[in-house]
$ cat protein13.pdb   # PDB, C-alpha atoms, pLDDT in the B column
MODEL        1
ATOM      1  CA  MET A   1     -35.156  82.035  35.680  1.00 62.00           C
ATOM      2  CA  LYS A   2     -33.861  82.995  39.128  1.00 60.00           C
ATOM      3  CA  LYS A   3     -37.154  81.960  40.699  1.00 56.00           C
ATOM      4  CA  ARG A   4     -36.990  78.534  39.022  1.00 54.00           C
ATOM      5  CA  LEU A   5     -33.406  78.078  40.196  1.00 47.00           C
ATOM      6  CA  LEU A   6     -34.330  78.922  43.769  1.00 43.00           C
ATOM      7  CA  THR A   7     -37.314  76.589  43.590  1.00 45.00           C
ATOM      8  CA  GLY A   8     -35.102  73.805  42.262  1.00 45.00           C
ATOM      9  CA  LEU A   9     -32.531  74.331  45.017  1.00 42.00           C
ATOM     10  CA  ALA A  10     -35.268  74.319  47.643  1.00 41.00           C
ATOM     11  CA  LEU A  11     -36.615  71.041  46.270  1.00 41.00           C
ATOM     12  CA  LEU A  12     -33.138  69.508  46.276  1.00 45.00           C
ATOM     13  CA  ALA A  13     -32.567  70.635  49.852  1.00 44.00           C
ATOM     14  CA  ALA A  14     -35.919  69.166  50.905  1.00 44.00           C
ATOM     15  CA  ALA A  15     -35.127  65.874  49.160  1.00 44.00           C
ATOM     16  CA  ALA A  16     -31.694  65.696  50.800  1.00 46.00           C
ATOM     17  CA  GLY A  17     -33.247  66.381  54.209  1.00 51.00           C
ATOM     18  CA  TRP A  18     -35.805  63.656  53.683  1.00 41.00           C
ATOM     19  CA  MET A  19     -33.136  61.146  52.609  1.00 50.00           C
ATOM     20  CA  LYS A  20     -31.037  62.069  55.639  1.00 56.00           C
ATOM     21  CA  SER A  21     -33.986  61.458  57.973  1.00 57.00           C
ATOM     22  CA  SER A  22     -34.680  58.156  56.187  1.00 58.00           C
ATOM     23  CA  ALA A  23     -31.161  57.012  57.083  1.00 71.00           C
ATOM     24  CA  VAL A  24     -32.107  56.815  60.777  1.00 77.00           C
ATOM     25  CA  LEU A  25     -35.637  55.392  60.489  1.00 82.00           C
ATOM     26  CA  THR A  26     -34.529  51.962  61.655  1.00 91.00           C
ATOM     27  CA  LYS A  27     -36.684  48.933  60.990  1.00 89.00           C
ATOM     28  CA  LYS A  28     -36.660  46.290  63.738  1.00 92.00           C
ATOM     29  CA  GLU A  29     -37.400  43.088  61.885  1.00 94.00           C
ATOM     30  CA  VAL A  30     -38.464  39.915  63.703  1.00 94.00           C
ATOM     31  CA  ARG A  31     -38.426  36.574  61.900  1.00 95.00           C
ATOM     32  CA  THR A  32     -38.915  32.955  62.968  1.00 96.00           C
ATOM     33  CA  VAL A  33     -36.756  30.481  61.039  1.00 96.00           C
ATOM     34  CA  PRO A  34     -37.179  26.680  61.142  1.00 94.00           C
ATOM     35  CA  PHE A  35     -33.677  25.454  61.864  1.00 95.00           C
ATOM     36  CA  PHE A  36     -33.312  22.675  64.454  1.00 93.00           C
ATOM     37  CA  GLN A  37     -34.255  19.021  64.120  1.00 87.00           C
ATOM     38  CA  SER A  38     -34.652  18.927  67.913  1.00 86.00           C
ATOM     39  CA  ASP A  39     -37.031  20.966  70.047  1.00 89.00           C
ATOM     40  CA  GLU A  40     -34.312  23.547  70.728  1.00 92.00           C
ATOM     41  CA  LYS A  41     -34.968  27.285  70.316  1.00 94.00           C
ATOM     42  CA  LYS A  42     -32.539  30.207  70.165  1.00 97.00           C
ATOM     43  CA  THR A  43     -32.861  33.953  69.631  1.00 97.00           C
ATOM     44  CA  LEU A  44     -30.253  35.835  67.603  1.00 98.00           C
ATOM     45  CA  LEU A  45     -29.663  39.547  67.149  1.00 98.00           C
ATOM     46  CA  PHE A  46     -28.080  40.263  63.772  1.00 98.00           C
ATOM     47  CA  VAL A  47     -26.725  43.640  62.704  1.00 98.00           C
ATOM     48  CA  ALA A  48     -24.326  44.570  59.907  1.00 98.00           C
ATOM     49  CA  ASP A  49     -22.701  47.644  58.429  1.00 98.00           C
ATOM     50  CA  LEU A  50     -22.737  50.051  61.339  1.00 98.00           C
ATOM     51  CA  HIS A  51     -19.971  52.122  59.731  1.00 97.00           C
ATOM     52  CA  SER A  52     -19.970  55.470  61.544  1.00 96.00           C
ATOM     53  CA  ARG A  53     -23.508  55.333  62.886  1.00 97.00           C
ATOM     54  CA  LYS A  54     -23.961  55.257  66.649  1.00 97.00           C
ATOM     55  CA  LEU A  55     -26.368  52.602  67.883  1.00 97.00           C
ATOM     56  CA  ARG A  56     -29.516  53.946  69.494  1.00 96.00           C
ATOM     57  CA  ARG A  57     -30.967  52.126  72.479  1.00 94.00           C
ATOM     58  CA  GLN A  58     -34.453  52.250  70.989  1.00 94.00           C
ATOM     59  CA  ASP A  59     -33.239  50.463  67.859  1.00 95.00           C
ATOM     60  CA  LEU A  60     -32.202  47.350  69.764  1.00 94.00           C
ATOM     61  CA  PRO A  61     -34.912  44.825  70.682  1.00 86.00           C
ATOM     62  CA  ARG A  62     -35.923  44.732  74.319  1.00 85.00           C
ATOM     63  CA  GLU A  63     -35.789  40.955  74.189  1.00 81.00           C
ATOM     64  CA  LYS A  64     -32.464  39.504  75.344  1.00 83.00           C
ATOM     65  CA  ALA A  65     -30.672  37.571  72.616  1.00 94.00           C
ATOM     66  CA  ASP A  66     -28.935  34.258  73.153  1.00 97.00           C
ATOM     67  CA  TYR A  67     -26.266  35.401  70.699  1.00 98.00           C
ATOM     68  CA  VAL A  68     -25.369  38.601  68.842  1.00 98.00           C
ATOM     69  CA  LEU A  69     -24.029  38.210  65.307  1.00 98.00           C
ATOM     70  CA  ILE A  70     -22.180  41.166  63.769  1.00 98.00           C
ATOM     71  CA  GLY A  71     -21.984  40.983  60.002  1.00 98.00           C
ATOM     72  CA  GLY A  72     -18.945  43.146  59.369  1.00 96.00           C
ATOM     73  CA  ASP A  73     -18.146  46.793  58.653  1.00 97.00           C
ATOM     74  CA  LEU A  74     -18.268  47.713  62.303  1.00 98.00           C
ATOM     75  CA  ALA A  75     -16.406  50.873  61.283  1.00 97.00           C
ATOM     76  CA  GLU A  76     -14.850  52.627  58.318  1.00 96.00           C
ATOM     77  CA  PRO A  77     -11.994  55.114  57.878  1.00 95.00           C
ATOM     78  CA  GLY A  78     -13.020  58.293  59.663  1.00 94.00           C
ATOM     79  CA  THR A  79     -15.259  56.594  62.227  1.00 96.00           C
ATOM     80  CA  PRO A  80     -14.523  58.070  65.688  1.00 96.00           C
ATOM     81  CA  MET A  81     -13.215  55.402  68.036  1.00 96.00           C
ATOM     82  CA  SER A  82     -15.679  56.705  70.634  1.00 97.00           C
ATOM     83  CA  VAL A  83     -18.499  55.513  68.358  1.00 98.00           C
ATOM     84  CA  VAL A  84     -16.887  52.086  67.990  1.00 98.00           C
ATOM     85  CA  HIS A  85     -16.528  51.780  71.768  1.00 98.00           C
ATOM     86  CA  TRP A  86     -20.164  52.790  72.283  1.00 98.00           C
ATOM     87  CA  ASN A  87     -21.425  50.317  69.690  1.00 98.00           C
ATOM     88  CA  LEU A  88     -19.382  47.471  71.134  1.00 98.00           C
ATOM     89  CA  GLN A  89     -20.630  48.261  74.620  1.00 97.00           C
ATOM     90  CA  MET A  90     -24.227  48.208  73.410  1.00 97.00           C
ATOM     91  CA  LEU A  91     -23.828  44.969  71.474  1.00 97.00           C
ATOM     92  CA  THR A  92     -21.946  43.061  74.149  1.00 96.00           C
ATOM     93  CA  LYS A  93     -24.658  43.985  76.653  1.00 95.00           C
ATOM     94  CA  ALA A  94     -27.213  42.438  74.306  1.00 95.00           C
ATOM     95  CA  GLY A  95     -25.541  38.998  74.366  1.00 95.00           C
ATOM     96  CA  PRO A  96     -22.364  37.033  73.534  1.00 97.00           C
ATOM     97  CA  CYS A  97     -20.985  38.498  70.291  1.00 98.00           C
ATOM     98  CA  PHE A  98     -19.625  36.801  67.169  1.00 98.00           C
ATOM     99  CA  PHE A  99     -18.023  38.828  64.393  1.00 98.00           C
ATOM    100  CA  VAL A 100     -16.938  38.511  60.765  1.00 98.00           C
ATOM    101  CA  TRP A 101     -14.707  41.091  59.130  1.00 98.00           C
ATOM    102  CA  GLY A 102     -15.986  43.405  56.417  1.00 97.00           C
ATOM    103  CA  ASN A 103     -14.009  45.188  53.722  1.00 96.00           C
ATOM    104  CA  ASN A 104     -13.966  48.493  55.629  1.00 97.00           C
ATOM    105  CA  ASP A 105     -12.963  46.773  58.869  1.00 97.00           C
ATOM    106  CA  HIS A 106      -9.762  45.537  57.260  1.00 96.00           C
ATOM    107  CA  GLU A 107      -8.773  49.131  56.523  1.00 96.00           C
ATOM    108  CA  LEU A 108      -8.791  49.708  60.294  1.00 96.00           C
ATOM    109  CA  ALA A 109      -7.471  46.320  61.361  1.00 96.00           C
ATOM    110  CA  GLU A 110      -4.706  47.670  63.623  1.00 96.00           C
ATOM    111  CA  LYS A 111      -7.236  49.677  65.640  1.00 96.00           C
ATOM    112  CA  LEU A 112     -10.122  47.228  65.580  1.00 97.00           C
ATOM    113  CA  ALA A 113      -8.340  43.976  66.386  1.00 97.00           C
ATOM    114  CA  PRO A 114      -7.404  45.007  69.966  1.00 97.00           C
ATOM    115  CA  LEU A 115     -10.957  46.286  70.579  1.00 97.00           C
ATOM    116  CA  LEU A 116     -12.510  43.002  69.501  1.00 97.00           C
ATOM    117  CA  LYS A 117     -10.372  41.217  72.054  1.00 97.00           C
ATOM    118  CA  GLN A 118     -11.011  43.869  74.711  1.00 97.00           C
ATOM    119  CA  TYR A 119     -14.771  43.402  74.412  1.00 98.00           C
ATOM    120  CA  GLY A 120     -14.572  39.622  74.161  1.00 98.00           C
ATOM    121  CA  LEU A 121     -15.940  39.153  70.650  1.00 98.00           C
ATOM    122  CA  THR A 122     -15.434  35.783  68.988  1.00 98.00           C
ATOM    123  CA  GLU A 123     -13.978  36.302  65.512  1.00 98.00           C
ATOM    124  CA  LEU A 124     -14.994  33.870  62.795  1.00 97.00           C
ATOM    125  CA  ASN A 125     -12.186  34.130  60.247  1.00 95.00           C
ATOM    126  CA  ASN A 126     -12.977  31.265  57.860  1.00 96.00           C
ATOM    127  CA  THR A 127     -13.749  29.161  60.913  1.00 96.00           C
ATOM    128  CA  ALA A 128     -16.717  27.577  62.652  1.00 97.00           C
ATOM    129  CA  VAL A 129     -17.631  26.987  66.268  1.00 97.00           C
ATOM    130  CA  SER A 130     -19.778  24.300  67.813  1.00 96.00           C
ATOM    131  CA  MET A 131     -22.710  25.859  69.634  1.00 97.00           C
ATOM    132  CA  ASP A 132     -24.729  24.645  72.614  1.00 95.00           C
ATOM    133  CA  ASN A 133     -22.934  21.332  73.128  1.00 92.00           C
ATOM    134  CA  GLY A 134     -22.773  20.556  69.433  1.00 91.00           C
ATOM    135  CA  SER A 135     -26.475  20.988  68.668  1.00 93.00           C
ATOM    136  CA  TRP A 136     -25.604  23.368  65.800  1.00 96.00           C
ATOM    137  CA  PHE A 137     -22.665  25.113  64.162  1.00 97.00           C
ATOM    138  CA  LEU A 138     -21.959  28.783  63.532  1.00 98.00           C
ATOM    139  CA  ALA A 139     -19.551  29.364  60.650  1.00 97.00           C
ATOM    140  CA  GLY A 140     -18.073  32.658  59.502  1.00 96.00           C
ATOM    141  CA  VAL A 141     -16.281  33.551  56.307  1.00 95.00           C
ATOM    142  CA  ASP A 142     -13.873  36.460  55.945  1.00 96.00           C
ATOM    143  CA  ASP A 143     -14.494  39.280  53.487  1.00 93.00           C
ATOM    144  CA  ALA A 144     -14.810  38.264  49.842  1.00 91.00           C
ATOM    145  CA  THR A 145     -14.280  41.805  48.537  1.00 89.00           C
ATOM    146  CA  SER A 146     -10.611  41.620  49.484  1.00 86.00           C
ATOM    147  CA  TYR A 147     -10.321  37.916  48.549  1.00 90.00           C
ATOM    148  CA  ARG A 148      -9.853  36.781  52.146  1.00 94.00           C
ATOM    149  CA  ASP A 149     -12.753  34.342  52.061  1.00 93.00           C
ATOM    150  CA  ASN A 150     -12.179  30.594  52.300  1.00 92.00           C
ATOM    151  CA  LEU A 151     -15.575  28.953  52.433  1.00 91.00           C
ATOM    152  CA  HIS A 152     -14.246  25.417  52.282  1.00 90.00           C
ATOM    153  CA  GLN A 153     -12.114  26.022  55.348  1.00 92.00           C
ATOM    154  CA  ALA A 154     -14.997  27.667  57.199  1.00 93.00           C
ATOM    155  CA  MET A 155     -17.384  24.786  56.565  1.00 91.00           C
ATOM    156  CA  ARG A 156     -15.169  21.708  56.598  1.00 89.00           C
ATOM    157  CA  HIS A 157     -15.589  20.752  60.268  1.00 88.00           C
ATOM    158  CA  THR A 158     -19.307  21.510  60.508  1.00 93.00           C
ATOM    159  CA  GLU A 159     -22.338  19.259  60.712  1.00 92.00           C
ATOM    160  CA  ASP A 160     -25.977  20.022  60.040  1.00 91.00           C
ATOM    161  CA  PRO A 161     -27.521  22.386  61.051  1.00 94.00           C
ATOM    162  CA  VAL A 162     -25.159  25.234  60.123  1.00 95.00           C
ATOM    163  CA  LEU A 163     -25.672  28.996  60.168  1.00 97.00           C
ATOM    164  CA  LEU A 164     -23.203  30.857  57.967  1.00 96.00           C
ATOM    165  CA  LEU A 165     -22.258  34.459  58.689  1.00 97.00           C
ATOM    166  CA  SER A 166     -20.777  36.343  55.720  1.00 96.00           C
ATOM    167  CA  HIS A 167     -20.321  40.079  55.343  1.00 96.00           C
ATOM    168  CA  ASN A 168     -20.398  39.873  51.569  1.00 94.00           C
ATOM    169  CA  PRO A 169     -23.226  37.864  49.993  1.00 91.00           C
ATOM    170  CA  TYR A 170     -21.293  37.473  46.759  1.00 88.00           C
ATOM    171  CA  ILE A 171     -19.518  34.252  47.584  1.00 83.00           C
ATOM    172  CA  ASP A 172     -19.606  30.841  45.941  1.00 74.00           C
ATOM    173  CA  TRP A 173     -23.117  29.834  46.936  1.00 63.00           C
ATOM    174  CA  GLU A 174     -22.615  26.281  45.698  1.00 62.00           C
ATOM    175  CA  SER A 175     -19.852  25.849  48.288  1.00 60.00           C
ATOM    176  CA  PHE A 176     -22.097  26.522  51.253  1.00 58.00           C
ATOM    177  CA  ARG A 177     -24.785  24.061  50.222  1.00 66.00           C
ATOM    178  CA  SER A 178     -24.821  22.566  53.735  1.00 79.00           C
ATOM    179  CA  ALA A 179     -25.697  25.868  55.454  1.00 91.00           C
ATOM    180  CA  ARG A 180     -29.376  26.099  56.319  1.00 92.00           C
ATOM    181  CA  LEU A 181     -29.294  29.816  57.012  1.00 95.00           C
ATOM    182  CA  VAL A 182     -26.980  32.537  55.669  1.00 95.00           C
ATOM    183  CA  LEU A 183     -26.844  36.060  57.126  1.00 97.00           C
ATOM    184  CA  SER A 184     -25.092  38.783  55.123  1.00 97.00           C
ATOM    185  CA  GLY A 185     -24.794  42.538  54.726  1.00 96.00           C
ATOM    186  CA  HIS A 186     -22.424  44.728  52.674  1.00 95.00           C
ATOM    187  CA  THR A 187     -24.879  45.866  49.991  1.00 94.00           C
ATOM    188  CA  HIS A 188     -26.952  48.303  52.128  1.00 93.00           C
ATOM    189  CA  GLY A 189     -29.851  47.250  49.926  1.00 90.00           C
ATOM    190  CA  GLY A 190     -28.492  49.696  47.372  1.00 90.00           C
ATOM    191  CA  GLN A 191     -28.872  52.537  49.925  1.00 88.00           C
ATOM    192  CA  ILE A 192     -30.271  54.852  47.239  1.00 87.00           C
ATOM    193  CA  ARG A 193     -33.076  53.236  45.237  1.00 89.00           C
ATOM    194  CA  ILE A 194     -35.603  54.587  42.755  1.00 87.00           C
ATOM    195  CA  GLY A 195     -38.580  52.318  43.256  1.00 80.00           C
ATOM    196  CA  PRO A 196     -37.422  48.766  42.505  1.00 81.00           C
ATOM    197  CA  PHE A 197     -34.234  49.990  40.836  1.00 79.00           C
ATOM    198  CA  GLY A 198     -30.893  50.158  42.627  1.00 84.00           C
ATOM    199  CA  VAL A 199     -27.248  49.243  42.260  1.00 87.00           C
ATOM    200  CA  GLU A 200     -27.788  46.213  44.532  1.00 90.00           C
ATOM    201  CA  PRO A 201     -30.620  43.703  44.994  1.00 91.00           C
ATOM    202  CA  LEU A 202     -33.507  44.578  47.253  1.00 92.00           C
ATOM    203  CA  PRO A 203     -32.789  43.707  50.885  1.00 94.00           C
ATOM    204  CA  GLY A 204     -34.795  40.883  52.358  1.00 94.00           C
ATOM    205  CA  TRP A 205     -35.095  37.137  52.748  1.00 96.00           C
ATOM    206  CA  TYR A 206     -34.419  34.834  49.803  1.00 93.00           C
ATOM    207  CA  ALA A 207     -34.875  31.074  49.440  1.00 90.00           C
ATOM    208  CA  PHE A 208     -32.137  29.427  47.398  1.00 80.00           C
ATOM    209  CA  ASP A 209     -31.681  25.705  46.852  1.00 78.00           C
ATOM    210  CA  GLY A 210     -33.178  24.765  50.190  1.00 77.00           C
ATOM    211  CA  ARG A 211     -31.403  27.513  52.111  1.00 85.00           C
ATOM    212  CA  LEU A 212     -32.667  30.777  53.517  1.00 92.00           C
ATOM    213  CA  ILE A 213     -30.492  33.833  52.866  1.00 93.00           C
ATOM    214  CA  LEU A 214     -30.830  37.270  54.442  1.00 96.00           C
ATOM    215  CA  LEU A 215     -29.534  40.282  52.531  1.00 96.00           C
ATOM    216  CA  SER A 216     -29.621  42.951  55.207  1.00 97.00           C
ATOM    217  CA  SER A 217     -29.865  46.626  54.365  1.00 96.00           C
ATOM    218  CA  GLY A 218     -27.463  47.252  57.278  1.00 96.00           C
ATOM    219  CA  TYR A 219     -27.619  49.807  60.037  1.00 97.00           C
ATOM    220  CA  GLY A 220     -25.383  52.630  58.858  1.00 95.00           C
ATOM    221  CA  THR A 221     -24.551  54.268  55.551  1.00 94.00           C
ATOM    222  CA  THR A 222     -21.417  54.613  53.496  1.00 87.00           C
ATOM    223  CA  ARG A 223     -20.030  57.569  51.508  1.00 82.00           C
ATOM    224  CA  VAL A 224     -23.110  59.746  52.084  1.00 86.00           C
ATOM    225  CA  PRO A 225     -25.408  59.640  55.155  1.00 87.00           C
ATOM    226  CA  LEU A 226     -28.512  59.310  52.972  1.00 87.00           C
ATOM    227  CA  ARG A 227     -31.040  56.610  52.147  1.00 92.00           C
ATOM    228  CA  LEU A 228     -33.825  56.427  49.620  1.00 88.00           C
ATOM    229  CA  GLY A 229     -36.144  53.466  49.112  1.00 88.00           C
ATOM    230  CA  THR A 230     -34.427  51.324  51.740  1.00 92.00           C
ATOM    231  CA  ARG A 231     -34.396  51.611  55.523  1.00 93.00           C
ATOM    232  CA  PRO A 232     -31.666  50.699  58.018  1.00 96.00           C
ATOM    233  CA  ALA A 233     -32.408  47.492  59.885  1.00 96.00           C
ATOM    234  CA  VAL A 234     -31.614  45.313  62.857  1.00 97.00           C
ATOM    235  CA  HIS A 235     -32.843  41.727  62.875  1.00 97.00           C
ATOM    236  CA  LEU A 236     -34.149  39.578  65.696  1.00 97.00           C
ATOM    237  CA  ILE A 237     -34.188  35.973  64.495  1.00 97.00           C
ATOM    238  CA  HIS A 238     -35.899  33.155  66.373  1.00 96.00           C
ATOM    239  CA  LEU A 239     -34.443  29.757  65.452  1.00 97.00           C
ATOM    240  CA  CYS A 240     -37.042  27.089  66.096  1.00 95.00           C
ATOM    241  CA  PRO A 241     -37.589  23.372  65.403  1.00 94.00           C
ATOM    242  CA  ALA A 242     -37.935  22.641  61.698  1.00 86.00           C
ATOM    243  CA  GLU A 243     -41.244  20.873  62.173  1.00 70.00           C
ATOM    244  CA  GLU A 244     -42.942  23.995  63.577  1.00 49.00           C
TER     245      GLU A 244
ENDMDL
END
$ encode --input "protein13.pdb" --output "structure tokens"
Amino acid sequence: MKKRLLTGLALLAAAAGWMKSSAVLTKKEVRTVPFFQSDEKKTLLFVADLHSRKLRRQDLPREKADYVLIGGDLAEPGTPMSVVHWNLQMLTKAGPCFFVWGNNDHELAEKLAPLLKQYGLTELNNTAVSMDNGSWFLAGVDDATSYRDNLHQAMRHTEDPVLLLSHNPYIDWESFRSARLVLSGHTHGGQIRIGPFGVEPLPGWYAFDGRLILLSSGYGTTRVPLRLGTRPAVHLIHLCPAEE
């Protein structure tokens, strides 16, 4: 009986160690997305859900991005501010940064808001900005978990093509019909999955009613620093002419 117990504990310890190592095996995903009607091309770096994880240089693409899009949950309660400073330094070096708030960010709003301004991030709080002399629009919706999202307000002054940045993918999809591309995080891909089964949908790219939607597995973890069946990710997205 004692031998079986020790064997079981050893197996549990080995499984926990493996899941902990899986939480830092970052996948650098590169994807080309038809987006522009013109011959314009742009490269975006998208990362979401850093939480308390410190960005590693080797996890960021060597290629310089035209824009960096941060999909919320830059930090969570308990995240050392030194980690937040490091991550913001790394991201702002990679390109001009745009940010939407996540549910955990709002818990640290008094600390984070001054840092976003200090590092020159553009916040998209149910707003949109015209990009590259009006050739496209970048819209951002606030966190839906805490009912701060207003998709109509975010999209009302936009024109095709539109990229929508949303921390939480669970928003009124019918309301963002005019967005060609939607980038989201929040779910961590379930974080702990048993084969195809998890508490959230599989991370990845989904086509929906003529739009392309990314459900990112995120970079960090929440509650426990473990992953199973889903890897952390950063995304390098090449926007290209739609006819390519």
$ atom_distance --input "protein13.pdb" --atom1 "CA of Tyr67 (chain A)" --atom2 "CA of Pro201 (chain A)"
27.4 Å
$ closest_residue --input "protein13.pdb" --among "A:Thr158, A:Ser130, A:Ser184, A:Ser135" --to "Trp101 (chain A)" --atoms "all atoms listed in the file"
A:Ser184
$ residues_around --input "protein13.pdb" --residues "Trp86 (chain A)" --least-positions-apart "3" --cutoff "10 Å" --atoms "only C-alpha atoms" --output "PyMOL selection string"
chain A and resi 54-56+81-83+89-91
$ closest_residue --input "protein13.pdb" --among "A:Thr26, A:Thr79, A:Asn104, A:Gln37" --to "Arg180 (chain A)" --atoms "only C-alpha atoms"
A:Gln37
$ residues_around --input "protein13.pdb" --residues "Phe35 (chain A)" --least-positions-apart "5" --cutoff "7 Å" --atoms "all atoms listed in the file" --output "list of chain:residue names"
A:Pro161, A:Leu239, A:Cys240, A:Pro241, A:Ala242
$ write_last_selection --input "protein13.pdb" --atoms "C-alpha atoms" --output "PDB file, in the frame of the given file"
ATOM      1  CA  PRO A 161     -27.521  22.386  61.051  1.00 94.00           C
ATOM      2  CA  LEU A 239     -34.443  29.757  65.452  1.00 97.00           C
ATOM      3  CA  CYS A 240     -37.042  27.089  66.096  1.00 95.00           C
ATOM      4  CA  PRO A 241     -37.589  23.372  65.403  1.00 94.00           C
ATOM      5  CA  ALA A 242     -37.935  22.641  61.698  1.00 86.00           C
TER       6      ALA A 242
END
$ residues_near_point --input "protein13.pdb" --point "(-34.1, 39.8, 75.2)" --cutoff "9 Å" --atoms "all atoms listed in the file" --output "short mmCIF file (atom, residue, chain, number, x, y, z; two decimals) with C-alpha atoms, keeping the file's coordinate frame"
data_model
loop_
_atom_site.label_atom_id
_atom_site.label_comp_id
_atom_site.auth_asym_id
_atom_site.auth_seq_id
_atom_site.Cartn_x
_atom_site.Cartn_y
_atom_site.Cartn_z
CA THR A 43 -32.86 33.95 69.63
CA PRO A 61 -34.91 44.82 70.68
CA ARG A 62 -35.92 44.73 74.32
CA GLU A 63 -35.79 40.96 74.19
CA LYS A 64 -32.46 39.50 75.34
CA ALA A 65 -30.67 37.57 72.62
CA ASP A 66 -28.94 34.26 73.15
CA ALA A 94 -27.21 42.44 74.31
CA GLY A 95 -25.54 39.00 74.37
#
$ resolve_selection --input "protein13.pdb" --expression "the PyMOL selection byres ((chain A and resi 112) around 12)" --output "MDAnalysis selection string"
chainID A and resid 72:77 79:81 84:85 88 99 101:102 104:111 113:119 121 123
$ closest_residue --input "protein13.pdb" --among "A:Leu214, A:Leu228, A:Val129, A:Leu181" --to "Gly198 (chain A)" --atoms "all atoms listed in the file"
A:Leu228
$ closest_residue --input "protein13.pdb" --among "A:Thr222, A:Asn103, A:Cys97, A:Trp136" --to "Ser38 (chain A)" --atoms "all atoms listed in the file"
A:Trp136
